[in-house]
Amino acid sequence: MPGTHGIGTDRERVAERLLAASHAHAFDPITDIDWDAPLVDGAFFLPAHRVSLYGTPIWERMSERQRIDLSRHEVASMASVGIWFEVVLMQLLIRHVYDRPLTSRHVQYAFMEIAEECRHSTMFGRLIEKLDCPEYGPGPYAHAAARAMKTFGSGVQAFAMALIAEEVLDTMQREMTADESLQPITRQTARIHVIEEARHVRYARDEVARGAPHMSGAERAITRLALARAAHIIATRLVHPGVYAAVGLDPAAAQRAARANPYRLDTLGHWSRRLIAFYDEHGLLGGPGQRLWRASGLMGRRI
């Protein structure tokens with residue numbers, strides 16, 4: 001867990017502002033989204049150029065219906081991975097506040113974030129159901145690996161780890177919110193998540209910025225490697241290979257094409273650009289973990 005650096009008024013002021021923002025801009029996904037509205041025929045669920053196979057020979061051979069269906073399944077896959085990671089994050093937050101003053105605004109905002117993440121998980125579950133897709137999930141390896149992540153992650157490492165999924169999904173969903181050609185249901189869920197997730201990102205960034213300068217050399221090295229491993233696990237599980245089979249493609253061939261796809265690398269690099277810059281600013285990149293960062297695709301084609 002973080003030490004006592006900066007626990008005073010600055011941390012409390014940040015939490016106070018975040019609590020006020022949560023009160024002013026709160027959503028209930030059960031009632032604030034029209035789950036009964038029909039899907040729009042012919043509309044993509046994700047911008048076409050962000051679909052994993054966009055620009056590949058396989059994409060060129062696909063019908064427009066297949067392309068739209070693939071975007072639907074990829075959104076469902078990312079939503080299921082989002083639920084998985086939010087469950088991990090909620091456990092990290094509970095552990096973070098366990099030994100802290102329960103009347104502090106810092107702890108009270110952590111409780112607020114947990115409540116919002118519960119609603120987000122419910123919202124993403126409803127979205128998967130609405131899209132008539134399977135619960136893809138991150139796969140058994142990632143599911144097992146996260147047990148260690150949520151049990152031992154603490155302090156700067158825990159909050160920096162939370163930013164991997166938060167920053168990537170936030171950038172992706174901001175683009176979706178602004179794209180009026182997409183399915184209304186995906187734009188509605190993206191909008192709610194963007195508004196509330198911005199507060200979660202601020203909370204985590206503040207903790208990382210406060211704690212990173214006080215890390216020892218050993219702590220920094222361990223954190224760099226842990227973040228690289230988490231980034232690789234999360235990024236490579238965003239699109240489950242089952243999405244390709246769902247639209248009539250060979251999963252193995254499609255997955256190979258997606259991993260080598262320069263458009264896909266550009267997309268992952270675009271989605272993670274703020275995260276990479278923030279990590280670099282606070283000395284959280286480098287070391288043996290760079291191989292995992294390259295393999296994750298989150299650095300795009302820059303390295």
# chains A, B, ... in the order shown; residues from 1 in each chain; ligands from 1
call {"tool": "residues_around", "arguments": {"residues": "region 156-170 of chain A", "least_positions_apart": "6", "cutoff": "6 Å", "atoms": "only C-alpha atoms", "output": "list in words"}}
result
Val194, Ala204, Val208, Gly211, Thr223, Leu227, Trp271 and Ser272 of chain A
call {"tool": "atom_distance", "arguments": {"atom1": "CA of Ala245 (chain A)", "atom2": "CA of Ser80 (chain A)"}}
result
17.2 Å
call {"tool": "residues_around", "arguments": {"residues": "Leu284 (chain A)", "least_positions_apart": "4", "cutoff": "9 Å", "atoms": "only C-alpha atoms", "output": "PDB file with N, CA and C atoms, in the first residue's frame"}}
result
ATOM      1  N   ALA A 160      -1.157   2.259 -10.901  1.00  0.00           N
ATOM      2  CA  ALA A 160      -0.635   2.319 -12.260  1.00  0.00           C
ATOM      3  C   ALA A 160      -1.211   1.186 -13.099  1.00  0.00           C
ATOM      4  N   ALA A 212       5.194   7.762  -6.889  1.00  0.00           N
ATOM      5  CA  ALA A 212       6.318   7.333  -7.726  1.00  0.00           C
ATOM      6  C   ALA A 212       7.664   7.935  -7.322  1.00  0.00           C
ATOM      7  N   ARG A 220      10.840   0.198  -8.004  1.00  0.00           N
ATOM      8  CA  ARG A 220      10.593   0.685  -9.365  1.00  0.00           C
ATOM      9  C   ARG A 220      10.810  -0.427 -10.386  1.00  0.00           C
ATOM     10  N   ALA A 221      11.868  -1.204 -10.212  1.00  0.00           N
ATOM     11  CA  ALA A 221      12.157  -2.293 -11.146  1.00  0.00           C
ATOM     12  C   ALA A 221      11.047  -3.340 -11.125  1.00  0.00           C
ATOM     13  N   THR A 223       7.933  -2.871 -10.170  1.00  0.00           N
ATOM     14  CA  THR A 223       6.715  -2.256 -10.697  1.00  0.00           C
ATOM     15  C   THR A 223       6.756  -2.192 -12.216  1.00  0.00           C
ATOM     16  N   ARG A 224       7.893  -1.829 -12.780  1.00  0.00           N
ATOM     17  CA  ARG A 224       8.015  -1.777 -14.248  1.00  0.00           C
ATOM     18  C   ARG A 224       7.699  -3.133 -14.868  1.00  0.00           C
ATOM     19  N   LEU A 225       8.247  -4.196 -14.285  1.00  0.00           N
ATOM     20  CA  LEU A 225       8.027  -5.531 -14.832  1.00  0.00           C
ATOM     21  C   LEU A 225       6.573  -5.966 -14.649  1.00  0.00           C
ATOM     22  N   LEU A 227       3.921  -4.038 -14.446  1.00  0.00           N
ATOM     23  CA  LEU A 227       3.070  -3.275 -15.362  1.00  0.00           C
ATOM     24  C   LEU A 227       3.189  -3.797 -16.788  1.00  0.00           C
ATOM     25  N   PHE A 278       2.338   9.004 -19.696  1.00  0.00           N
ATOM     26  CA  PHE A 278       2.258   9.156 -18.246  1.00  0.00           C
ATOM     27  C   PHE A 278       3.249   8.225 -17.552  1.00  0.00           C
ATOM     28  N   TYR A 279       3.307   6.984 -17.991  1.00  0.00           N
ATOM     29  CA  TYR A 279       4.273   6.046 -17.419  1.00  0.00           C
ATOM     30  C   TYR A 279       5.700   6.558 -17.598  1.00  0.00           C
ATOM     31  N   ASP A 280       6.007   7.041 -18.796  1.00  0.00           N
ATOM     32  CA  ASP A 280       7.353   7.529 -19.084  1.00  0.00           C
ATOM     33  C   ASP A 280       7.701   8.714 -18.195  1.00  0.00           C
TER      34      ASP A 280
END
call {"tool": "residues_around", "arguments": {"residues": "region 29-38 of chain A", "least_positions_apart": "5", "cutoff": "10 Å", "atoms": "only C-alpha atoms", "output": "ChimeraX atom specification"}}
result
/A:119-124,126-127,129-130,183-185,188-189,192-193
call {"tool": "write_last_selection", "arguments": {"atoms": "C-alpha atoms", "output": "short mmCIF file (atom, residue, chain, number, x, y, z; two decimals), in the first residue's frame"}}
result
data_model
loop_
_atom_site.label_atom_id
_atom_site.label_comp_id
_atom_site.auth_asym_id
_atom_site.auth_seq_id
_atom_site.Cartn_x
_atom_site.Cartn_y
_atom_site.Cartn_z
CA ARG A 119 -22.71 -0.18 -12.12
CA HIS A 120 -20.27 -0.28 -15.06
CA SER A 121 -19.95 -4.04 -14.75
CA THR A 122 -23.74 -4.34 -14.74
CA MET A 123 -23.90 -2.05 -17.78
CA PHE A 124 -21.32 -4.05 -19.73
CA ARG A 126 -26.39 -5.81 -20.19
CA LEU A 127 -24.54 -4.67 -23.33
CA GLU A 129 -26.71 -9.54 -23.60
CA LYS A 130 -28.16 -6.86 -25.90
CA GLN A 183 -24.96 1.97 -33.02
CA PRO A 184 -26.70 4.20 -30.42
CA ILE A 185 -26.44 1.49 -27.76
CA GLN A 188 -24.67 5.43 -24.92
CA THR A 189 -22.66 2.96 -22.88
CA ILE A 192 -21.54 6.97 -19.46
CA HIS A 193 -18.27 5.12 -19.03
#
call {"tool": "decode", "arguments": {"residues": "region 107-121 of chain A", "atoms": "all heavy atoms", "output": "PDB file, in the first residue's frame"}}
result
ATOM      1  N   VAL A 107     -10.758   7.908   1.208  1.00  0.00           N
ATOM      2  CA  VAL A 107     -11.380   6.589   1.328  1.00  0.00           C
ATOM      3  C   VAL A 107     -12.823   6.634   0.835  1.00  0.00           C
ATOM      4  O   VAL A 107     -13.292   5.713   0.153  1.00  0.00           O
ATOM      5  CB  VAL A 107     -11.305   6.088   2.780  1.00  0.00           C
ATOM      6  CG1 VAL A 107     -12.203   4.867   2.995  1.00  0.00           C
ATOM      7  CG2 VAL A 107      -9.866   5.739   3.140  1.00  0.00           C
ATOM      8  N   GLN A 108     -13.529   7.697   1.149  1.00  0.00           N
ATOM      9  CA  GLN A 108     -14.914   7.802   0.714  1.00  0.00           C
ATOM     10  C   GLN A 108     -15.018   7.851  -0.806  1.00  0.00           C
ATOM     11  O   GLN A 108     -15.957   7.290  -1.385  1.00  0.00           O
ATOM     12  CB  GLN A 108     -15.576   9.026   1.350  1.00  0.00           C
ATOM     13  CG  GLN A 108     -15.823   8.840   2.834  1.00  0.00           C
ATOM     14  CD  GLN A 108     -16.284  10.110   3.524  1.00  0.00           C
ATOM     15  OE1 GLN A 108     -16.549  11.128   2.875  1.00  0.00           O
ATOM     16  NE2 GLN A 108     -16.363  10.059   4.838  1.00  0.00           N
ATOM     17  N   TYR A 109     -14.039   8.491  -1.460  1.00  0.00           N
ATOM     18  CA  TYR A 109     -14.092   8.464  -2.923  1.00  0.00           C
ATOM     19  C   TYR A 109     -13.790   7.066  -3.446  1.00  0.00           C
ATOM     20  O   TYR A 109     -14.378   6.641  -4.451  1.00  0.00           O
ATOM     21  CB  TYR A 109     -13.129   9.470  -3.583  1.00  0.00           C
ATOM     22  CG  TYR A 109     -13.298   9.360  -5.077  1.00  0.00           C
ATOM     23  CD1 TYR A 109     -14.441   9.858  -5.691  1.00  0.00           C
ATOM     24  CD2 TYR A 109     -12.390   8.640  -5.857  1.00  0.00           C
ATOM     25  CE1 TYR A 109     -14.672   9.655  -7.042  1.00  0.00           C
ATOM     26  CE2 TYR A 109     -12.612   8.440  -7.205  1.00  0.00           C
ATOM     27  CZ  TYR A 109     -13.768   8.947  -7.783  1.00  0.00           C
ATOM     28  OH  TYR A 109     -14.007   8.726  -9.108  1.00  0.00           O
ATOM     29  N   ALA A 110     -12.893   6.339  -2.781  1.00  0.00           N
ATOM     30  CA  ALA A 110     -12.638   4.956  -3.197  1.00  0.00           C
ATOM     31  C   ALA A 110     -13.932   4.146  -3.161  1.00  0.00           C
ATOM     32  O   ALA A 110     -14.228   3.366  -4.078  1.00  0.00           O
ATOM     33  CB  ALA A 110     -11.579   4.313  -2.310  1.00  0.00           C
ATOM     34  N   PHE A 111     -14.742   4.346  -2.098  1.00  0.00           N
ATOM     35  CA  PHE A 111     -16.034   3.653  -2.021  1.00  0.00           C
ATOM     36  C   PHE A 111     -16.948   4.089  -3.169  1.00  0.00           C
ATOM     37  O   PHE A 111     -17.677   3.277  -3.750  1.00  0.00           O
ATOM     38  CB  PHE A 111     -16.709   3.933  -0.681  1.00  0.00           C
ATOM     39  CG  PHE A 111     -16.039   3.287   0.502  1.00  0.00           C
ATOM     40  CD1 PHE A 111     -15.984   3.926   1.727  1.00  0.00           C
ATOM     41  CD2 PHE A 111     -15.471   2.030   0.391  1.00  0.00           C
ATOM     42  CE1 PHE A 111     -15.372   3.329   2.815  1.00  0.00           C
ATOM     43  CE2 PHE A 111     -14.862   1.414   1.479  1.00  0.00           C
ATOM     44  CZ  PHE A 111     -14.802   2.072   2.697  1.00  0.00           C
ATOM     45  N   MET A 112     -16.910   5.379  -3.492  1.00  0.00           N
ATOM     46  CA  MET A 112     -17.723   5.890  -4.597  1.00  0.00           C
ATOM     47  C   MET A 112     -17.295   5.247  -5.923  1.00  0.00           C
ATOM     48  O   MET A 112     -18.136   4.839  -6.735  1.00  0.00           O
ATOM     49  CB  MET A 112     -17.592   7.412  -4.694  1.00  0.00           C
ATOM     50  CG  MET A 112     -18.372   8.040  -5.841  1.00  0.00           C
ATOM     51  SD  MET A 112     -20.156   7.888  -5.625  1.00  0.00           S
ATOM     52  CE  MET A 112     -20.409   9.155  -4.349  1.00  0.00           C
ATOM     53  N   GLU A 113     -15.981   5.142  -6.127  1.00  0.00           N
ATOM     54  CA  GLU A 113     -15.495   4.532  -7.363  1.00  0.00           C
ATOM     55  C   GLU A 113     -15.911   3.066  -7.444  1.00  0.00           C
ATOM     56  O   GLU A 113     -16.307   2.580  -8.509  1.00  0.00           O
ATOM     57  CB  GLU A 113     -13.976   4.645  -7.469  1.00  0.00           C
ATOM     58  CG  GLU A 113     -13.445   3.994  -8.740  1.00  0.00           C
ATOM     59  CD  GLU A 113     -11.985   4.273  -9.017  1.00  0.00           C
ATOM     60  OE1 GLU A 113     -11.440   5.268  -8.487  1.00  0.00           O
ATOM     61  OE2 GLU A 113     -11.375   3.500  -9.782  1.00  0.00           O
ATOM     62  N   ILE A 114     -15.836   2.363  -6.334  1.00  0.00           N
ATOM     63  CA  ILE A 114     -16.260   0.956  -6.312  1.00  0.00           C
ATOM     64  C   ILE A 114     -17.731   0.847  -6.708  1.00  0.00           C
ATOM     65  O   ILE A 114     -18.119  -0.028  -7.494  1.00  0.00           O
ATOM     66  CB  ILE A 114     -16.008   0.334  -4.932  1.00  0.00           C
ATOM     67  CG1 ILE A 114     -14.498   0.214  -4.683  1.00  0.00           C
ATOM     68  CG2 ILE A 114     -16.678  -1.036  -4.816  1.00  0.00           C
ATOM     69  CD1 ILE A 114     -14.130  -0.054  -3.245  1.00  0.00           C
ATOM     70  N   ALA A 115     -18.558   1.745  -6.175  1.00  0.00           N
ATOM     71  CA  ALA A 115     -19.983   1.732  -6.518  1.00  0.00           C
ATOM     72  C   ALA A 115     -20.187   1.985  -8.007  1.00  0.00           C
ATOM     73  O   ALA A 115     -21.019   1.330  -8.665  1.00  0.00           O
ATOM     74  CB  ALA A 115     -20.732   2.781  -5.704  1.00  0.00           C
ATOM     75  N   GLU A 116     -19.419   2.912  -8.569  1.00  0.00           N
ATOM     76  CA  GLU A 116     -19.541   3.206  -9.998  1.00  0.00           C
ATOM     77  C   GLU A 116     -19.045   2.028 -10.841  1.00  0.00           C
ATOM     78  O   GLU A 116     -19.638   1.713 -11.876  1.00  0.00           O
ATOM     79  CB  GLU A 116     -18.768   4.478 -10.324  1.00  0.00           C
ATOM     80  CG  GLU A 116     -19.443   5.726  -9.756  1.00  0.00           C
ATOM     81  CD  GLU A 116     -18.640   6.998  -9.933  1.00  0.00           C
ATOM     82  OE1 GLU A 116     -17.426   6.910 -10.283  1.00  0.00           O
ATOM     83  OE2 GLU A 116     -19.199   8.082  -9.722  1.00  0.00           O
ATOM     84  N   GLU A 117     -17.980   1.372 -10.393  1.00  0.00           N
ATOM     85  CA  GLU A 117     -17.483   0.219 -11.134  1.00  0.00           C
ATOM     86  C   GLU A 117     -18.493  -0.931 -11.095  1.00  0.00           C
ATOM     87  O   GLU A 117     -18.616  -1.682 -12.072  1.00  0.00           O
ATOM     88  CB  GLU A 117     -16.130  -0.250 -10.578  1.00  0.00           C
ATOM     89  CG  GLU A 117     -14.989   0.748 -10.735  1.00  0.00           C
ATOM     90  CD  GLU A 117     -14.562   0.979 -12.178  1.00  0.00           C
ATOM     91  OE1 GLU A 117     -15.329   0.645 -13.118  1.00  0.00           O
ATOM     92  OE2 GLU A 117     -13.461   1.513 -12.379  1.00  0.00           O
ATOM     93  N   CYS A 118     -19.196  -1.085  -9.983  1.00  0.00           N
ATOM     94  CA  CYS A 118     -20.260  -2.097  -9.927  1.00  0.00           C
ATOM     95  C   CYS A 118     -21.317  -1.812 -10.989  1.00  0.00           C
ATOM     96  O   CYS A 118     -21.775  -2.733 -11.693  1.00  0.00           O
ATOM     97  CB  CYS A 118     -20.906  -2.113  -8.536  1.00  0.00           C
ATOM     98  SG  CYS A 118     -19.926  -2.897  -7.249  1.00  0.00           S
ATOM     99  N   ARG A 119     -21.703  -0.541 -11.117  1.00  0.00           N
ATOM    100  CA  ARG A 119     -22.709  -0.183 -12.125  1.00  0.00           C
ATOM    101  C   ARG A 119     -22.164  -0.380 -13.540  1.00  0.00           C
ATOM    102  O   ARG A 119     -22.888  -0.810 -14.439  1.00  0.00           O
ATOM    103  CB  ARG A 119     -23.179   1.258 -11.921  1.00  0.00           C
ATOM    104  CG  ARG A 119     -23.966   1.462 -10.631  1.00  0.00           C
ATOM    105  CD  ARG A 119     -24.727   2.773 -10.652  1.00  0.00           C
ATOM    106  NE  ARG A 119     -23.856   3.926 -10.689  1.00  0.00           N
ATOM    107  CZ  ARG A 119     -23.359   4.546  -9.612  1.00  0.00           C
ATOM    108  NH1 ARG A 119     -23.647   4.076  -8.402  1.00  0.00           N
ATOM    109  NH2 ARG A 119     -22.592   5.605  -9.738  1.00  0.00           N
ATOM    110  N   HIS A 120     -20.871  -0.073 -13.735  1.00  0.00           N
ATOM    111  CA  HIS A 120     -20.275  -0.276 -15.055  1.00  0.00           C
ATOM    112  C   HIS A 120     -20.278  -1.757 -15.433  1.00  0.00           C
ATOM    113  O   HIS A 120     -20.554  -2.114 -16.586  1.00  0.00           O
ATOM    114  CB  HIS A 120     -18.828   0.240 -15.078  1.00  0.00           C
ATOM    115  CG  HIS A 120     -18.720   1.711 -14.920  1.00  0.00           C
ATOM    116  ND1 HIS A 120     -17.525   2.359 -14.718  1.00  0.00           N
ATOM    117  CD2 HIS A 120     -19.662   2.684 -14.933  1.00  0.00           C
ATOM    118  CE1 HIS A 120     -17.733   3.658 -14.613  1.00  0.00           C
ATOM    119  NE2 HIS A 120     -19.028   3.879 -14.738  1.00  0.00           N
ATOM    120  N   SER A 121     -19.965  -2.609 -14.472  1.00  0.00           N
ATOM    121  CA  SER A 121     -19.954  -4.043 -14.747  1.00  0.00           C
ATOM    122  C   SER A 121     -21.353  -4.530 -15.109  1.00  0.00           C
ATOM    123  O   SER A 121     -21.528  -5.352 -16.018  1.00  0.00           O
ATOM    124  CB  SER A 121     -19.409  -4.807 -13.538  1.00  0.00           C
ATOM    125  OG  SER A 121     -18.049  -4.490 -13.314  1.00  0.00           O
TER     126      SER A 121
END
